[in-house]
There are 4 protein chains.
Amino acid sequence: MLRYGLVGGGNGAFIGDVHRHAAMMDDLTELTAGCFSRNYEKNLETARAWHLPDESRVYRNYQEMAEKESARTDGIDFVSIVTPNVSHYEIAKCFMEHGIHVVCDKPLAMNVEQAEELKRISEEKGLLFGMTYAYTGYAVIRQAREMIKAGAIGEILHVKTAHPEDWVISSVGQDETNMAGWRFKPEMIGDSLCIGDLGTHAEQMLVQFTGLHIKRVLAMFDTYPKSLPLETNATVLLDLGNGITGELWASQIAIGKECSPYIYVMGTEGSLEWHHETPYLLKYTKRNGTMEFLSAGRSYMNGASNRLTRVPSGHHEGYYEAFGNIYRQFCEALSAVKEGKDPGTPEYPTIDDGLGGQKFIAACVESNRNGNVWVEV
Amino acid sequence: MLRYGLVGGGNGAFIGDVHRHAAMMDDLTELTAGCFSRNYEKNLETARAWHLPDESRVYRNYQEMAEKESARTDGIDFVSIVTPNVSHYEIAKCFMEHGIHVVCDKPLAMNVEQAEELKRISEEKGLLFGMTYAYTGYAVIRQAREMIKAGAIGEILHVKTAHPEDWVISSVGQDETNMAGWRFKPEMIGDSLCIGDLGTHAEQMLVQFTGLHIKRVLAMFDTYPKSLPLETNATVLLDLGNGITGELWASQIAIGKECSPYIYVMGTEGSLEWHHETPYLLKYTKRNGTMEFLSAGRSYMNGASNRLTRVPSGHHEGYYEAFGNIYRQFCEALSAVKEGKDPGTPEYPTIDDGLGGQKFIAACVESNRNGNVWVEV
Amino acid sequence: MLRYGLVGGGNGAFIGDVHRHAAMMDDLTELTAGCFSRNYEKNLETARAWHLPDESRVYRNYQEMAEKESARTDGIDFVSIVTPNVSHYEIAKCFMEHGIHVVCDKPLAMNVEQAEELKRISEEKGLLFGMTYAYTGYAVIRQAREMIKAGAIGEILHVKTAHPEDWVISSVGQDETNMAGWRFKPEMIGDSLCIGDLGTHAEQMLVQFTGLHIKRVLAMFDTYPKSLPLETNATVLLDLGNGITGELWASQIAIGKECSPYIYVMGTEGSLEWHHETPYLLKYTKRNGTMEFLSAGRSYMNGASNRLTRVPSGHHEGYYEAFGNIYRQFCEALSAVKEGKDPGTPEYPTIDDGLGGQKFIAACVESNRNGNVWVEV
Amino acid sequence: MLRYGLVGGGNGAFIGDVHRHAAMMDDLTELTAGCFSRNYEKNLETARAWHLPDESRVYRNYQEMAEKESARTDGIDFVSIVTPNVSHYEIAKCFMEHGIHVVCDKPLAMNVEQAEELKRISEEKGLLFGMTYAYTGYAVIRQAREMIKAGAIGEILHVKTAHPEDWVISSVGQDETNMAGWRFKPEMIGDSLCIGDLGTHAEQMLVQFTGLHIKRVLAMFDTYPKSLPLETNATVLLDLGNGITGELWASQIAIGKECSPYIYVMGTEGSLEWHHETPYLLKYTKRNGTMEFLSAGRSYMNGASNRLTRVPSGHHEGYYEAFGNIYRQFCEALSAVKEGKDPGTPEYPTIDDGLGGQKFIAACVESNRNGNVWVEV
């Protein structure tokens, strides 16, 4: 069993608990060390709430954690970073420099330069680096990927991907006192609000679902409430290479869309469509109009999909389990590495995907700033 | 009861029969004269199949029809034009010059110049001119319009409108022999295939649903099968004025979308969403997330919507009935005019909408041709 | 073209207009004569509103109509009866005795004896007798029937059929002044309210969809509001013979169900499911769980279904068109008879179905009265 | 933190893993002891796979476990029983006799007598006894319960509850070699296959959702494949007292229904409807037809519902989390008891519910055996 440590996630932060449960869901790793908060008292409280076995492994800061854990023979195998975007770079860099593998929340960093440096370090050090794009963890996303590879929809013509939510407009409204958190501060999140927060999910869904990558973007941003410093809604035309086009929509102000990631891939012989509202279903239509709904876990599903399911078809898996699938695939690869085996092609989003997301953000920001023109990713 | 004549629609053309039934559905008009085909034998056959009472009012060409009908005291009150796009202009012009009101299939003409001339003539002659954008005839579209006017969703922020179908890719496929019809010939339909055919439906749905108009477009076209001369898929960014943005998607190659018009309007206080798959429902969500489905014909619906329903709520109305609502509102206005009354603000799409559609097509074509740049509509 | 007459349906009755349009939708018949109301003034008004060509064929009572129409060489070919249940028997009998074919609204009569006599007369006279069970007219019902015949779902094991609505509870509520209409009076409708009104629709849907007939019933009735004389909700266990069982639910007080006919047929190799909410779709699942949605009008649908569609797949047909399909099949059969041809096996509900419905009502009433015991149909 | 032990669930049994994760999900308890299999080697393997901290607490049989754990000062606080039905009684009895609280999988026992004895013992000993009816753990079930209590739908008139699956027909088919497992053996499961397995879920859903209890049943059973000894499909009429009726359907051979628990409650002022396919939504319709979809986690939901959600609205929770909610509420009550506080009214299904389920099974079996007659529960 692998040992891991967590940086961030304390103080009752929702996402810390998700990472903790997701990582441990398949008994491949256990939480062994952590620095959950800059406030040491809260840090300890979190450790106790989570029953961390050894309180001496609750650290006052991540540097101390990286040093001491890397010095132990039973030190953590990897660290999970769930802090605000601004500190991803320095924390990931520090742990990698101490030879520790990394799982990092998205987006990877504050800009492309940081992302590229992290990628360089991970390659130099030969470290695994996973990115927790949670929605790509649903089993049927893998089913789609394999079907597309196998030609089930022919050549891809056009892709729609989206990630609309309503959390900014429903919780913040026009009340500026609700805009005080780090999620609204450019110095904490970088140059983009909505694309960084949600657009990257849609972008990575496209990558995981289709195997394609975005070559160029043409982005249009909207900001509401107007007093916010960055965009809360973004519509992006996509050039996916080889004449394939697409469109991506991300929104934090889409009333009626609680959390509605969506992808639709049009091919010459068929289409595939997935809605987060029913995350266990994949709509598959052939050119003559025959419509099928494929359901996670059924015997007709491919192995790549079914190995990620834990319950019989018709029973549901949700956000924790999708998240868990990212960790599971990371942990399997890391276990292979530790055993001196070839971990194979990563089935979890990697630092390449993290860097891809960072470039995507930068290109969208530039495209919008320059009047909605095409920008290379 | 009004009398009307039909130009085109013979030879078993699906759309001719739709116009005929739709026009007569509410007993406001009857088919009295026609020129259904350039082939006189087929013309007569159609007249017989449709039980036209007086065969002397089946004409060899539309010019003869306009002349003779305008000369009768019991001549037709209006003409419906359901020919291929290329002849809309000349036919509409001819009938208007003979003082006959017009209903015309969309798109209005081959280009903006023709459309502007038709508008000028209709104004000079004081003639009504209706456009049969069928999908806007569903009762709940009117419900949405009135709710938006009344502030139910606050200020509009962003609009998504779409009209994807699969008819080209499912019927034509890669077989060039299936691409011989007039619908694929630029000289018959103008500069656009998909935007003219379906994009205009989405554009007019936006107008009827929201009351907004498109100020600028930035369009990206795709063509498949590649041997076609014009686009079959189009993604368009929209500038709707006053900082309101939007996006429009039209497709003829969207496998999995049989006929899926869609509109979603995001406001500061709520959103409205309509899917053609369940055309009697309107999804209304308030800012706090309260989701309601409003159903055509219920007592809580507004009068503007319920006056367009013919069956109790839960019973369905379809394409014929939606089409019928366009005719119904046109006929009511024309009856008012004939009785010397004020017909009021048109509730059917007018020549202004037809001209708007033509400008929209032209702007999209130009935007795409010039490398996806913003173009004024 | 056939000529037909209408008895009942005047005074703005919704259903009269439905019958009129439905009958004429496919240009196979025209409304030629009528007795729309017992009030002659209203009768004439209706005739004018509907543009009946010859006012001398508006009759003061149905007896006069039967006599005079049967005496004309251009008399009506068939009569449609859309009066309250209580008079179906006498009117149908009268027209049949004058040699006129009949279409009758459901339920057929007030009791089994009347129904049997009508059947006997129709057989003796060699007359066609159609029943307008409207919901069975949707094209995909025929698709299901043919698929089942062809073994697509193996042997049928169990059937669920339902017809819930909310019209009584939503319109009447607890207000007794709203319960004054004929629909609530046993002397006008017979021994059953909900089973007669809606249960018969569900029963006939079962017959048309599966080809099976109900052998025995075990019925449980509920009445709300309590001051009503008859049931408004009914749950019925079904014995369909050969070990096949089923369940039928009808309700007039099902808040949340505007008009929700439903059928689900479980077989040994697959299942078929239809919801009136999306009447153009048929869900087909095979034993391994493969789920398909079949859509009216697609090329993969069978001919028996597609010949009943009038619009391309994805465009909708509704209540009028489903109703129209009943008339269309009746008129085709009657035209064949008039031309001396074999009309073939009726594809419209016949007097056998009407009699079956009457026996079903009687058996349900008896079963409920006797304490929910099995009763032969 | 509570300590618990598990009896059964080893050998890779799906349900063992569900119980383990569900119990620990909210950090209220940890797995401390177990007897996962009768085969000691497999027992140890399971313990290792699950990282049980102390192997000396892996027992050869449940009797030893009950004895030794009850003798320790740090012994388990409660035991979870996830063995086949046949051994629930003896195991639960044994642990209770050693003063250990119990959580037991459903159905509670093999017959009513066993269930009553267990209830008697739990009362005599003052022990908590929870039943893991997993589907009732979804947060919105609690929302419904509170809304009904508060009068949101007026007086209840009729209830439909169902639990159809396809697992028997899809996995077993007609192949007798697939019918060898304990789930098909009366000596292992009791007198009922489908009602015991799935009908009890539907029955308990009714209890938890509405607060009502079934007074009498009239049951009709079907068996397919015919070589099975017990029923695989059951339709049950319900008498819920005070003139309230209902219907329950359970099936193991419902192709097209992977796992489709459903409940619909009709009241005089509104209705509530829940489908397992979208377990986070609750459809609420008022008498005038206003339809709302309430979504788990939104601010407008009541506290009883929202305290059971772990993710923001729109993000999903599934089977593990619903299961976890049963454990969570049991553990909270048990913690209160241990601290000498009043645990309050149980919000988890208790031994009363387990006994109710057993009586329901017995009554259904008797009703069906006696020819579908009413039987008191």
# chains A, B, ... in the order shown; residues from 1 in each chain; ligands from 1
call {"tool": "interface_residues", "arguments": {"of": "chain A", "to": "chain D", "cutoff": "6 Å", "atoms": "only C-alpha atoms", "output": "ChimeraX atom specification"}}
result
/A:258-259,314,316-319
call {"tool": "write_last_selection", "arguments": {"atoms": "C-alpha atoms", "output": "compact mmCIF listing (two decimals), in the first residue's frame"}}
result
# COMPACT_ATOMS: atom_id res chain seq x y z
CA GLU A 258 -26.03 23.27 -11.41
CA CYS A 259 -23.04 21.37 -12.68
CA GLY A 314 -27.93 0.80 -12.65
CA HIS A 316 -24.79 4.88 -9.13
CA GLU A 317 -21.29 6.15 -8.66
CA GLY A 318 -20.77 9.84 -8.15
CA TYR A 319 -18.20 12.55 -7.67
call {"tool": "select_by_dssp", "arguments": {"residues": "stretch 169-375 of chain C", "states": "helix (DSSP H, G or I)", "output": "ChimeraX atom specification"}}
result
/C:169-171,176-179,182-184,186-189,194-210,303-306,319-338,351-369
call {"tool": "write_last_selection", "arguments": {"atoms": "C-alpha atoms", "output": "PDB file, in the first residue's frame"}}
result
ATOM      1  CA  ILE C 169     -58.409  16.923  -9.287  1.00  0.00           C
ATOM      2  CA  SER C 170     -56.895  19.953 -10.974  1.00  0.00           C
ATOM      3  CA  SER C 171     -60.096  21.361 -12.391  1.00  0.00           C
ATOM      4  CA  GLU C 176     -68.928  20.504  -6.006  1.00  0.00           C
ATOM      5  CA  THR C 177     -70.148  23.160  -8.403  1.00  0.00           C
ATOM      6  CA  ASN C 178     -67.493  21.911 -10.793  1.00  0.00           C
ATOM      7  CA  MET C 179     -68.919  18.412 -10.694  1.00  0.00           C
ATOM      8  CA  TRP C 182     -72.322  15.037 -17.747  1.00  0.00           C
ATOM      9  CA  ARG C 183     -68.956  13.428 -17.271  1.00  0.00           C
ATOM     10  CA  PHE C 184     -69.741  12.928 -13.577  1.00  0.00           C
ATOM     11  CA  PRO C 186     -73.739   7.768 -13.884  1.00  0.00           C
ATOM     12  CA  GLU C 187     -76.891   8.100 -15.966  1.00  0.00           C
ATOM     13  CA  MET C 188     -74.835   9.706 -18.715  1.00  0.00           C
ATOM     14  CA  ILE C 189     -71.644   7.638 -18.552  1.00  0.00           C
ATOM     15  CA  CYS C 194     -62.231   6.542 -14.431  1.00  0.00           C
ATOM     16  CA  ILE C 195     -62.097   3.099 -16.020  1.00  0.00           C
ATOM     17  CA  GLY C 196     -64.640   4.128 -18.644  1.00  0.00           C
ATOM     18  CA  ASP C 197     -62.946   7.430 -19.379  1.00  0.00           C
ATOM     19  CA  LEU C 198     -59.251   6.497 -19.181  1.00  0.00           C
ATOM     20  CA  GLY C 199     -58.923   2.835 -18.254  1.00  0.00           C
ATOM     21  CA  THR C 200     -60.382   1.856 -21.601  1.00  0.00           C
ATOM     22  CA  HIS C 201     -57.611   3.833 -23.304  1.00  0.00           C
ATOM     23  CA  ALA C 202     -55.017   1.854 -21.369  1.00  0.00           C
ATOM     24  CA  GLU C 203     -56.809  -1.416 -22.081  1.00  0.00           C
ATOM     25  CA  GLN C 204     -56.981  -0.731 -25.805  1.00  0.00           C
ATOM     26  CA  MET C 205     -53.354   0.423 -25.846  1.00  0.00           C
ATOM     27  CA  LEU C 206     -52.480  -3.010 -24.473  1.00  0.00           C
ATOM     28  CA  VAL C 207     -54.503  -4.673 -27.232  1.00  0.00           C
ATOM     29  CA  GLN C 208     -53.035  -2.580 -30.060  1.00  0.00           C
ATOM     30  CA  PHE C 209     -49.470  -2.652 -28.765  1.00  0.00           C
ATOM     31  CA  THR C 210     -49.221  -6.323 -27.863  1.00  0.00           C
ATOM     32  CA  GLY C 303     -43.564   0.119 -42.989  1.00  0.00           C
ATOM     33  CA  ALA C 304     -46.608  -0.344 -40.795  1.00  0.00           C
ATOM     34  CA  SER C 305     -45.291   2.463 -38.606  1.00  0.00           C
ATOM     35  CA  ASN C 306     -43.831   4.751 -41.225  1.00  0.00           C
ATOM     36  CA  TYR C 319     -53.061  14.431 -30.808  1.00  0.00           C
ATOM     37  CA  TYR C 320     -54.733  15.567 -34.023  1.00  0.00           C
ATOM     38  CA  GLU C 321     -52.437  13.451 -36.153  1.00  0.00           C
ATOM     39  CA  ALA C 322     -52.759  10.356 -33.944  1.00  0.00           C
ATOM     40  CA  PHE C 323     -56.519  10.756 -34.136  1.00  0.00           C
ATOM     41  CA  GLY C 324     -56.151  11.260 -37.862  1.00  0.00           C
ATOM     42  CA  ASN C 325     -54.434   7.906 -38.181  1.00  0.00           C
ATOM     43  CA  ILE C 326     -57.495   6.148 -36.776  1.00  0.00           C
ATOM     44  CA  TYR C 327     -59.679   7.896 -39.350  1.00  0.00           C
ATOM     45  CA  ARG C 328     -57.199   7.299 -42.101  1.00  0.00           C
ATOM     46  CA  GLN C 329     -57.170   3.566 -41.592  1.00  0.00           C
ATOM     47  CA  PHE C 330     -60.932   3.472 -41.258  1.00  0.00           C
ATOM     48  CA  CYS C 331     -61.397   5.506 -44.431  1.00  0.00           C
ATOM     49  CA  GLU C 332     -58.960   3.345 -46.367  1.00  0.00           C
ATOM     50  CA  ALA C 333     -60.881   0.252 -45.347  1.00  0.00           C
ATOM     51  CA  LEU C 334     -64.216   1.853 -46.171  1.00  0.00           C
ATOM     52  CA  SER C 335     -62.955   3.034 -49.548  1.00  0.00           C
ATOM     53  CA  ALA C 336     -61.878  -0.502 -50.308  1.00  0.00           C
ATOM     54  CA  VAL C 337     -65.317  -1.786 -49.351  1.00  0.00           C
ATOM     55  CA  LYS C 338     -66.976   0.802 -51.556  1.00  0.00           C
ATOM     56  CA  ILE C 351     -66.475  -2.789 -32.643  1.00  0.00           C
ATOM     57  CA  ASP C 352     -64.756  -5.876 -31.256  1.00  0.00           C
ATOM     58  CA  ASP C 353     -62.434  -3.521 -29.434  1.00  0.00           C
ATOM     59  CA  GLY C 354     -65.397  -1.408 -28.363  1.00  0.00           C
ATOM     60  CA  LEU C 355     -67.155  -4.467 -27.012  1.00  0.00           C
ATOM     61  CA  GLY C 356     -63.921  -5.623 -25.375  1.00  0.00           C
ATOM     62  CA  GLY C 357     -63.676  -2.278 -23.639  1.00  0.00           C
ATOM     63  CA  GLN C 358     -67.246  -2.542 -22.415  1.00  0.00           C
ATOM     64  CA  LYS C 359     -66.621  -6.007 -20.999  1.00  0.00           C
ATOM     65  CA  PHE C 360     -63.454  -4.729 -19.374  1.00  0.00           C
ATOM     66  CA  ILE C 361     -65.380  -1.920 -17.682  1.00  0.00           C
ATOM     67  CA  ALA C 362     -68.066  -4.294 -16.477  1.00  0.00           C
ATOM     68  CA  ALA C 363     -65.560  -6.787 -15.119  1.00  0.00           C
ATOM     69  CA  CYS C 364     -63.616  -4.082 -13.284  1.00  0.00           C
ATOM     70  CA  VAL C 365     -66.785  -2.684 -11.728  1.00  0.00           C
ATOM     71  CA  GLU C 366     -67.867  -6.141 -10.602  1.00  0.00           C
ATOM     72  CA  SER C 367     -64.425  -7.028  -9.266  1.00  0.00           C
ATOM     73  CA  ASN C 368     -64.236  -3.895  -7.209  1.00  0.00           C
ATOM     74  CA  ARG C 369     -67.785  -4.221  -5.954  1.00  0.00           C
TER      75      ARG C 369
END
call {"tool": "residues_around", "arguments": {"residues": "stretch 53-55 of chain C", "least_positions_apart": "2", "cutoff": "9 Å", "atoms": "only C-alpha atoms", "output": "JSON, numbers by chain"}}
result
{"C": [31, 32, 33, 44, 47, 48, 50, 51, 57, 58, 59]}
call {"tool": "write_last_selection", "arguments": {"atoms": "C-alpha atoms", "output": "PDB file, in the first residue's frame"}}
result
ATOM      1  CA  LEU C  31     -67.684  16.720 -43.520  1.00  0.00           C
ATOM      2  CA  THR C  32     -70.965  16.805 -45.417  1.00  0.00           C
ATOM      3  CA  ALA C  33     -73.770  16.592 -42.897  1.00  0.00           C
ATOM      4  CA  LEU C  44     -76.463  25.942 -37.312  1.00  0.00           C
ATOM      5  CA  ALA C  47     -72.205  24.319 -39.223  1.00  0.00           C
ATOM      6  CA  ARG C  48     -71.346  27.863 -40.260  1.00  0.00           C
ATOM      7  CA  TRP C  50     -67.101  24.820 -39.839  1.00  0.00           C
ATOM      8  CA  HIS C  51     -68.127  25.982 -43.325  1.00  0.00           C
ATOM      9  CA  ARG C  57     -77.774  18.887 -44.353  1.00  0.00           C
ATOM     10  CA  VAL C  58     -77.724  20.271 -40.821  1.00  0.00           C
ATOM     11  CA  TYR C  59     -80.354  18.196 -39.037  1.00  0.00           C
TER      12      TYR C  59
END
call {"tool": "atom_distance", "arguments": {"atom1": "atom CA of D:Lys286", "atom2": "atom CA of B:Ser271"}}
result
21.3 Å
call {"tool": "residues_around", "arguments": {"residues": "B:Ile121", "least_positions_apart": "3", "cutoff": "10 Å", "atoms": "only C-alpha atoms", "output": "PyMOL selection string"}}
result
chain B and resi 92-93+96-97+115-118+124-127
